[in-house]
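Before any comments, here is the structure.
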Amino acid sequence: MSKNNKDIIVGIDVGSSNVRTIIAQQLREEQQPRIIGISSVPSFGIRRGVIIDVEDVTKSISESLELAERMAGVSVKNAVLNIGGCDIEFQNSKGVIAVGRADGEVTEDDINRVITEAQAVPLPMNKEIVHVIVRKYRLDDKDNIKDPLDMKGVRLEAETLLIESANTNIKNISKCLYQTNIEIDDLVLEPLAAAKSTLSKKQKELGVVLINIGGGTTSLAVYEEGDLVHTAILPVGAGHVTNDIAIGLRTSVEVAEKIKLEYGSALSKEVDKKEGIDLSQIDSQEEGIVSRHHVAEIIEARLEEIFSLVRKELKEIGKDQLLPSGAVLVGGGAKLVHLPELAKEILGLPVQIGFPLGLGGVMDKVDDPSFATVAGLVLWEQEKYVSQKDGFMGFKSFNSLARPAGDTVSKMGSWLKKFLP
Ligand SMILES: Nc1ncnc2c1ncn2[C@@H]1O[C@H](COP(=O)(O)OP(=O)(O)OP(=O)(O)O)[C@@H](O)[C@H]1O
Ligand SMILES: [Mg+2]
C-alpha cells in the first residue's frame, strides 16, 4: 500500500447488471489519470438502477472494490459513484445576490453564492437535488453571460436547471458505502458520467445524444452548443431483451443470456432463416433446435421499443432528427451485433458506438462501451483535481469552484452526510 492516497481517484459504477470499479492515479507530471486497478463483477440487489437490497449491493461493491484494490495495491478510502433510477425530475430556478466586493468585481465566492441561492427552492416530496446546471448569468442589465468572473456589477443572477433524484436512492447508496467504509466524493447521474468519457467537445457543440443501454435501464443525455439540454433514464434495458428470449423460447434466463451473447443480432434481416441454434450445446439440461432468425426477431422487437422511446424523448424537446453529431451508443447493450444499423433506422440519425477516452494506464479492458460510466466517474472527479499556484495538487470541493454557465455541477459537500446511518 505504498501509493499516496491523495493522488488516487476511484469510480464505482453500481449498475443493474454489473458493479465496475476503476482505481486511477493522477500523477503530477501526467495530464490523464492512469488506471492502476480495474474490475467488473455481476451485481445483486439492484433493479432498474435502484437499490432494492442494501446487503446484496454492499457485497457486490465490496467484491468489485477488493479485486481492483488488489490489482492497484492501494486501499480505497473515497470514491465517486453513479446514481441511476428512473424517477429523476427537473426544475428551473433562479438565484439572485448582491455582488460582495465594494468595487463590484464578481468573485468565485459570488458565483458560488448565487448557485447556492438558486437551490433554495421547495423540493418535490422525497427528492434531493443531485445536479445544478447553470444556464446563464445576468449581471445588472447584461444578459446571457457565460462566465461573470472578474466582471463588474451590483446584482448577479443565475438561471439554473436543477436535476433531482429520489432521496431513498441516495440514502441507500450512502448506506452501502458506509458499510464498506468508503466515503462518497460525489454522486453523478449515470448518463452524465457516460457522456463525460465518450463525447468530444465538438460533438457536444454540434448537437449529440448519448444513449447508454444498461441491463435494467436506458439513459440518455442530449447536448447542444456545448451544454446539456436534456437527460432521462428509461425503465427498460438490455436485460429485458434477455427476458423476452427466455419467455419466447421457454428457456431459463441464464440460457437466454448465453443465446443473446453468442447468437444474438439486432437485425433479423441479417440472419439466415434456415440457421438453427442447438440448445443442448448451450446447456446440457436443454434440448431442441431454435431458429436464430426468430431469436433476432425477439431482440429486434424490444430494441425497436427502446429506440422509439428515445426518439419520443427527442421529439418532446424538439430535437427529433436535428442533432448533427447523431447518437453515440454505450453500455453493455451497445455491444449487440448490428445495433448501430437498427438505431440509425429508428432514430433517423447517424449512429456510432462510444468508447471511453481520456484515461491512461491499463487501458485494454476499458476500451469497451460498457466501461463508459465508470471511466466518466473518474474523469468527473479528476476535473476537480487542480494544479494550484505553489505546485501542490489536491482536490477542490464543488463549493470552492466557480462554474461558467453550461457546466453541470454536482450538488456535493456536506449534504450527503445527512444520509449516513
Ligand atoms: N457482447 C454483448 N452483446 C450483447 N449484449 C451484451 C454484451 N455484453 C453485455 N451485454 C448486455 O449488457 C447488459 C449489461 O450492461 P451494463 O453492464 O452496461 O449494465 P448496468 O450498468 O449494470 O445496468 P444499468 O445501467 O441499467 O443499471 C446486459 O443485459 C448484457 O446482456
Ligand atoms: Mg449502467
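Naming works like this for the C-alpha cells: A, B, ... for the chains as they're shown, residue 1 at the start of each chain, ligands 1 onward in shown order.
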Wanna dump the chain A-ligand 2 contacts at 7 Å for me, each residue with its shortest atom pair and the distance in Å to one decimal, counting only C-alpha atoms and all ligand atoms, ordered by chain and number, as CSV?
```
residue,atom,partner,partner_atom_place_in_ligand_line,distance
A:Asp13,CA,ligand 2,1 (Mg),6.9
A:Gly15,CA,ligand 2,1 (Mg),4.6
A:Ser16,CA,ligand 2,1 (Mg),6.7
A:Glu190,CA,ligand 2,1 (Mg),6.7
A:Gly214,CA,ligand 2,1 (Mg),4.6
A:Gly215,CA,ligand 2,1 (Mg),6.9
A:Gly331,CA,ligand 2,1 (Mg),6.1
A:Thr373,CA,ligand 2,1 (Mg),6.6
```
With only C-alpha atoms and all ligand atoms counted and 8 Å as the cut-off, give the residues of chain A in contact with ligand 1, each with its shortest interatomic distance in Å and the pair that gives it, as JSON lines.
```
{"residue": "A:Asp13", "atom": "CA", "partner": "ligand 1", "partner_atom_place_in_ligand_line": "21 (O)", "distance": 7.0}
{"residue": "A:Val14", "atom": "CA", "partner": "ligand 1", "partner_atom_place_in_ligand_line": "22 (O)", "distance": 6.8}
{"residue": "A:Gly15", "atom": "CA", "partner": "ligand 1", "partner_atom_place_in_ligand_line": "22 (O)", "distance": 3.4}
{"residue": "A:Ser16", "atom": "CA", "partner": "ligand 1", "partner_atom_place_in_ligand_line": "27 (O)", "distance": 3.6}
{"residue": "A:Ser17", "atom": "CA", "partner": "ligand 1", "partner_atom_place_in_ligand_line": "22 (O)", "distance": 3.3}
{"residue": "A:Asn18", "atom": "CA", "partner": "ligand 1", "partner_atom_place_in_ligand_line": "22 (O)", "distance": 3.9}
{"residue": "A:Val19", "atom": "CA", "partner": "ligand 1", "partner_atom_place_in_ligand_line": "22 (O)", "distance": 6.4}
{"residue": "A:Pro42", "atom": "CA", "partner": "ligand 1", "partner_atom_place_in_ligand_line": "22 (O)", "distance": 7.7}
{"residue": "A:Ser43", "atom": "CA", "partner": "ligand 1", "partner_atom_place_in_ligand_line": "22 (O)", "distance": 7.1}
{"residue": "A:Ile46", "atom": "CA", "partner": "ligand 1", "partner_atom_place_in_ligand_line": "27 (O)", "distance": 7.5}
{"residue": "A:Arg47", "atom": "CA", "partner": "ligand 1", "partner_atom_place_in_ligand_line": "27 (O)", "distance": 7.4}
{"residue": "A:Arg48", "atom": "CA", "partner": "ligand 1", "partner_atom_place_in_ligand_line": "26 (O)", "distance": 5.8}
{"residue": "A:Gly49", "atom": "CA", "partner": "ligand 1", "partner_atom_place_in_ligand_line": "27 (O)", "distance": 4.1}
{"residue": "A:Val50", "atom": "CA", "partner": "ligand 1", "partner_atom_place_in_ligand_line": "27 (O)", "distance": 7.7}
{"residue": "A:Gly84", "atom": "CA", "partner": "ligand 1", "partner_atom_place_in_ligand_line": "27 (O)", "distance": 6.5}
{"residue": "A:Gly85", "atom": "CA", "partner": "ligand 1", "partner_atom_place_in_ligand_line": "27 (O)", "distance": 7.9}
{"residue": "A:Glu190", "atom": "CA", "partner": "ligand 1", "partner_atom_place_in_ligand_line": "25 (O)", "distance": 7.3}
{"residue": "A:Asn212", "atom": "CA", "partner": "ligand 1", "partner_atom_place_in_ligand_line": "25 (O)", "distance": 7.2}
{"residue": "A:Ile213", "atom": "CA", "partner": "ligand 1", "partner_atom_place_in_ligand_line": "18 (O)", "distance": 6.1}
{"residue": "A:Gly214", "atom": "CA", "partner": "ligand 1", "partner_atom_place_in_ligand_line": "19 (O)", "distance": 3.4}
{"residue": "A:Gly215", "atom": "CA", "partner": "ligand 1", "partner_atom_place_in_ligand_line": "14 (C)", "distance": 3.9}
{"residue": "A:Gly216", "atom": "CA", "partner": "ligand 1", "partner_atom_place_in_ligand_line": "26 (O)", "distance": 3.6}
{"residue": "A:Thr217", "atom": "CA", "partner": "ligand 1", "partner_atom_place_in_ligand_line": "26 (O)", "distance": 3.7}
{"residue": "A:Thr218", "atom": "CA", "partner": "ligand 1", "partner_atom_place_in_ligand_line": "26 (O)", "distance": 6.2}
{"residue": "A:Ser219", "atom": "CA", "partner": "ligand 1", "partner_atom_place_in_ligand_line": "25 (O)", "distance": 7.6}
{"residue": "A:Val236", "atom": "CA", "partner": "ligand 1", "partner_atom_place_in_ligand_line": "26 (O)", "distance": 7.8}
{"residue": "A:Gly237", "atom": "CA", "partner": "ligand 1", "partner_atom_place_in_ligand_line": "26 (O)", "distance": 6.0}
{"residue": "A:Ala238", "atom": "CA", "partner": "ligand 1", "partner_atom_place_in_ligand_line": "29 (O)", "distance": 4.0}
{"residue": "A:Gly239", "atom": "CA", "partner": "ligand 1", "partner_atom_place_in_ligand_line": "29 (O)", "distance": 3.9}
{"residue": "A:His240", "atom": "CA", "partner": "ligand 1", "partner_atom_place_in_ligand_line": "29 (O)", "distance": 7.3}
{"residue": "A:Val241", "atom": "CA", "partner": "ligand 1", "partner_atom_place_in_ligand_line": "29 (O)", "distance": 7.3}
{"residue": "A:Thr242", "atom": "CA", "partner": "ligand 1", "partner_atom_place_in_ligand_line": "29 (O)", "distance": 6.7}
{"residue": "A:Glu257", "atom": "CA", "partner": "ligand 1", "partner_atom_place_in_ligand_line": "31 (O)", "distance": 6.0}
{"residue": "A:Lys260", "atom": "CA", "partner": "ligand 1", "partner_atom_place_in_ligand_line": "4 (C)", "distance": 6.4}
{"residue": "A:Leu261", "atom": "CA", "partner": "ligand 1", "partner_atom_place_in_ligand_line": "3 (N)", "distance": 4.7}
{"residue": "A:Glu262", "atom": "CA", "partner": "ligand 1", "partner_atom_place_in_ligand_line": "3 (N)", "distance": 7.7}
{"residue": "A:Gly264", "atom": "CA", "partner": "ligand 1", "partner_atom_place_in_ligand_line": "4 (C)", "distance": 7.2}
{"residue": "A:Val330", "atom": "CA", "partner": "ligand 1", "partner_atom_place_in_ligand_line": "18 (O)", "distance": 7.5}
{"residue": "A:Gly331", "atom": "CA", "partner": "ligand 1", "partner_atom_place_in_ligand_line": "18 (O)", "distance": 3.7}
{"residue": "A:Gly332", "atom": "CA", "partner": "ligand 1", "partner_atom_place_in_ligand_line": "12 (O)", "distance": 3.2}
{"residue": "A:Gly333", "atom": "CA", "partner": "ligand 1", "partner_atom_place_in_ligand_line": "12 (O)", "distance": 3.8}
{"residue": "A:Ala334", "atom": "CA", "partner": "ligand 1", "partner_atom_place_in_ligand_line": "5 (N)", "distance": 6.7}
{"residue": "A:Lys335", "atom": "CA", "partner": "ligand 1", "partner_atom_place_in_ligand_line": "3 (N)", "distance": 4.4}
{"residue": "A:Leu336", "atom": "CA", "partner": "ligand 1", "partner_atom_place_in_ligand_line": "4 (C)", "distance": 3.8}
{"residue": "A:Val337", "atom": "CA", "partner": "ligand 1", "partner_atom_place_in_ligand_line": "3 (N)", "distance": 6.8}
{"residue": "A:Pro369", "atom": "CA", "partner": "ligand 1", "partner_atom_place_in_ligand_line": "18 (O)", "distance": 7.8}
{"residue": "A:Ser370", "atom": "CA", "partner": "ligand 1", "partner_atom_place_in_ligand_line": "18 (O)", "distance": 4.7}
{"residue": "A:Phe371", "atom": "CA", "partner": "ligand 1", "partner_atom_place_in_ligand_line": "18 (O)", "distance": 7.4}
{"residue": "A:Thr373", "atom": "CA", "partner": "ligand 1", "partner_atom_place_in_ligand_line": "21 (O)", "distance": 7.7}
```
Original post:
Between CA of Ile38 in chain A and CA of Ala24 in chain A, what is the distance, to one decimal in Å?
Top reply: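 Pair CA of Ile38 in chain A / CA of Ala24 in chain A returns 8.7 Å.
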Original post:
So which residues touch range 246-256 of chain A within 12 Å, counting only C-alpha atoms, skipping near sequence neighbours fewer than 2 positions away, as a ChimeraX atom specification?
Top reply: /A:238-244,258-264,277-292,294-299,301
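Across A:Leu267, A:Val80, A:Ile61, A:Val54, the tightest approach to Val378 in chain A is made by A:Val80 when counting only C-alpha atoms.
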Selection near Val222 in chain A, 8 Å with only C-alpha atoms, sequence-local residues under 3 positions removed, as an mmCIF file with C-alpha atoms, in the first residue's frame:
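Contents of the output file part05.cif:
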```cif
data_model
loop_
_atom_site.group_PDB
_atom_site.id
_atom_site.type_symbol
_atom_site.label_atom_id
_atom_site.label_comp_id
_atom_site.auth_asym_id
_atom_site.auth_seq_id
_atom_site.Cartn_x
_atom_site.Cartn_y
_atom_site.Cartn_z
ATOM 1 C CA GLY A 207 -25.561 18.520 -31.046
ATOM 2 C CA VAL A 208 -25.476 14.888 -29.949
ATOM 3 C CA VAL A 209 -27.408 12.328 -27.910
ATOM 4 C CA LEU A 210 -25.616 9.799 -25.736
ATOM 5 C CA LEU A 228 -26.600 19.633 -21.522
ATOM 6 C CA VAL A 229 -30.145 20.276 -22.747
ATOM 7 C CA HIS A 230 -31.919 17.107 -21.630
ATOM 8 C CA THR A 231 -31.384 13.893 -19.730
#
```
**OP:** Tell me which of A:Met363, A:Cys86, A:Ile36, A:Ala166 sits closest to Val74 in chain A, counting only C-alpha atoms.
**Re:**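 Between A:Met363, A:Cys86, A:Ile36, A:Ala166, the residue approaching Val74 in chain A most closely is A:Ile36.
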**OP:** Would you please extract all strand (DSSP E or B) residues from range 193-284 of chain A, as assigned by DSSP on the backbone, and give them as number ranges by chain?
**Re:** A: 208-213, 218-224, 227-234, 276-278
Residues as selected, C-alpha atoms, written as a JSON list (two decimals), in the first residue's frame, can you do that?
```json
[["chain", "number", "residue", "atom", "x", "y", "z"],
["A", 208, "VAL", "CA", -25.48, 14.89, -29.95],
["A", 209, "VAL", "CA", -27.41, 12.33, -27.91],
["A", 210, "LEU", "CA", -25.62, 9.80, -25.74],
["A", 211, "ILE", "CA", -27.64, 6.60, -25.28],
["A", 212, "ASN", "CA", -26.49, 4.26, -22.52],
["A", 213, "ILE", "CA", -28.12, 0.83, -22.81],
["A", 218, "THR", "CA", -31.56, 3.02, -20.92],
["A", 219, "SER", "CA", -30.37, 6.50, -20.12],
["A", 220, "LEU", "CA", -29.76, 9.44, -22.38],
["A", 221, "ALA", "CA", -28.11, 12.84, -22.35],
["A", 222, "VAL", "CA", -28.61, 15.44, -25.09],
["A", 223, "TYR", "CA", -26.03, 18.20, -25.67],
["A", 224, "GLU", "CA", -26.17, 21.24, -27.89],
["A", 227, "ASP", "CA", -24.47, 22.43, -22.91],
["A", 228, "LEU", "CA", -26.60, 19.63, -21.52],
["A", 229, "VAL", "CA", -30.14, 20.28, -22.75],
["A", 230, "HIS", "CA", -31.92, 17.11, -21.63],
["A", 231, "THR", "CA", -31.38, 13.89, -19.73],
["A", 232, "ALA", "CA", -33.63, 10.95, -18.89],
["A", 233, "ILE", "CA", -33.48, 7.41, -17.53],
["A", 234, "LEU", "CA", -35.95, 4.96, -19.07],
["A", 276, "GLY", "CA", -30.63, -23.16, -36.12],
["A", 277, "ILE", "CA", -29.23, -22.99, -32.56],
["A", 278, "ASP", "CA", -28.79, -26.33, -30.79]]
```
Subject >> Counting only C-alpha atoms, the option among A:Ala68, A:Ala194, A:Ile245, A:Ala266 closest to Val328 in chain A >> reply: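 Of A:Ala68, A:Ala194, A:Ile245, A:Ala266, the one nearest Val328 in chain A is A:Ala194, counting only C-alpha atoms.
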Original post:
Got a sec: who's within 7 Å of range 126-130 of chain A, counting only C-alpha atoms, leaving out chain neighbours fewer than 2 positions off, as a list in words?
Top reply: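 Residues near the query, excluding close chain neighbours: Leu123, Pro124, Leu162, Ile163, Glu164, Ser165, Ala166, Asn167, Ser410 and Lys411 of chain A.
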Residues from last step as file, N, CA and C atoms, as a compact mmCIF listing (two decimals), in the first residue's frame:
```txt
# COMPACT_ATOMS: atom_id res chain seq x y z
N LEU A 123 -38.68 21.53 -2.70
CA LEU A 123 -38.44 20.31 -3.48
C LEU A 123 -39.67 19.42 -3.46
N PRO A 124 -39.90 18.67 -4.56
CA PRO A 124 -40.99 17.70 -4.54
C PRO A 124 -40.73 16.70 -3.40
N LEU A 162 -32.34 22.44 -12.14
CA LEU A 162 -31.99 21.51 -11.06
C LEU A 162 -32.41 20.10 -11.47
N ILE A 163 -31.52 19.13 -11.28
CA ILE A 163 -31.87 17.72 -11.54
C ILE A 163 -32.03 17.05 -10.19
N GLU A 164 -33.19 16.44 -10.00
CA GLU A 164 -33.50 15.86 -8.69
C GLU A 164 -33.72 14.35 -8.78
N SER A 165 -33.29 13.65 -7.72
CA SER A 165 -33.46 12.19 -7.70
C SER A 165 -34.11 11.81 -6.37
N ALA A 166 -34.68 10.61 -6.32
CA ALA A 166 -35.35 10.16 -5.09
C ALA A 166 -34.34 10.08 -3.95
N ASN A 167 -34.67 10.64 -2.80
CA ASN A 167 -33.67 10.60 -1.72
C ASN A 167 -33.50 9.22 -1.12
N SER A 410 -22.25 18.81 -9.53
CA SER A 410 -22.96 18.01 -8.54
C SER A 410 -23.23 18.88 -7.34
N LYS A 411 -24.37 18.66 -6.77
CA LYS A 411 -24.67 19.41 -5.56
C LYS A 411 -24.01 18.64 -4.41
```
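CA of Ala405 in chain A is positioned 9.0 Å from CA of Pro148 in chain A.
Compared by their closest atoms to Ile182 in chain A, and using only C-alpha atoms, the residues A:Leu27, A:Ile12, A:Leu322, A:Asp367 rank with A:Ile12 nearest.
Taking CA of Leu161 in chain A and CA of Phe90 in chain A as endpoints, the distance between them is 6.8 Å.
Among the residues of range 276-336 of chain A, backbone DSSP assigns alpha helix (DSSP H) to Leu279, Ser280, Gln281, Ile282, Arg292, His293, His294, Val295, Ala296, Glu297, Ile298, Ile299, Glu300, Ala301, Arg302, Leu303, Glu304, Glu305, Ile306, Phe307, Ser308, Leu309, Val310, Arg311, Lys312, Glu313, Leu314, Lys315 and Glu316 of chain A.
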Subject >> 9 Å contact set for Leu357 in chain A, only C-alpha atoms, chain neighbours under 4 positions out, as a list in words >> reply: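 Result of the neighbour search: Lys196, Ser197, Thr198, Leu199, Val366, Asp367, Ala372, Ala375 and Gly376 of chain A.
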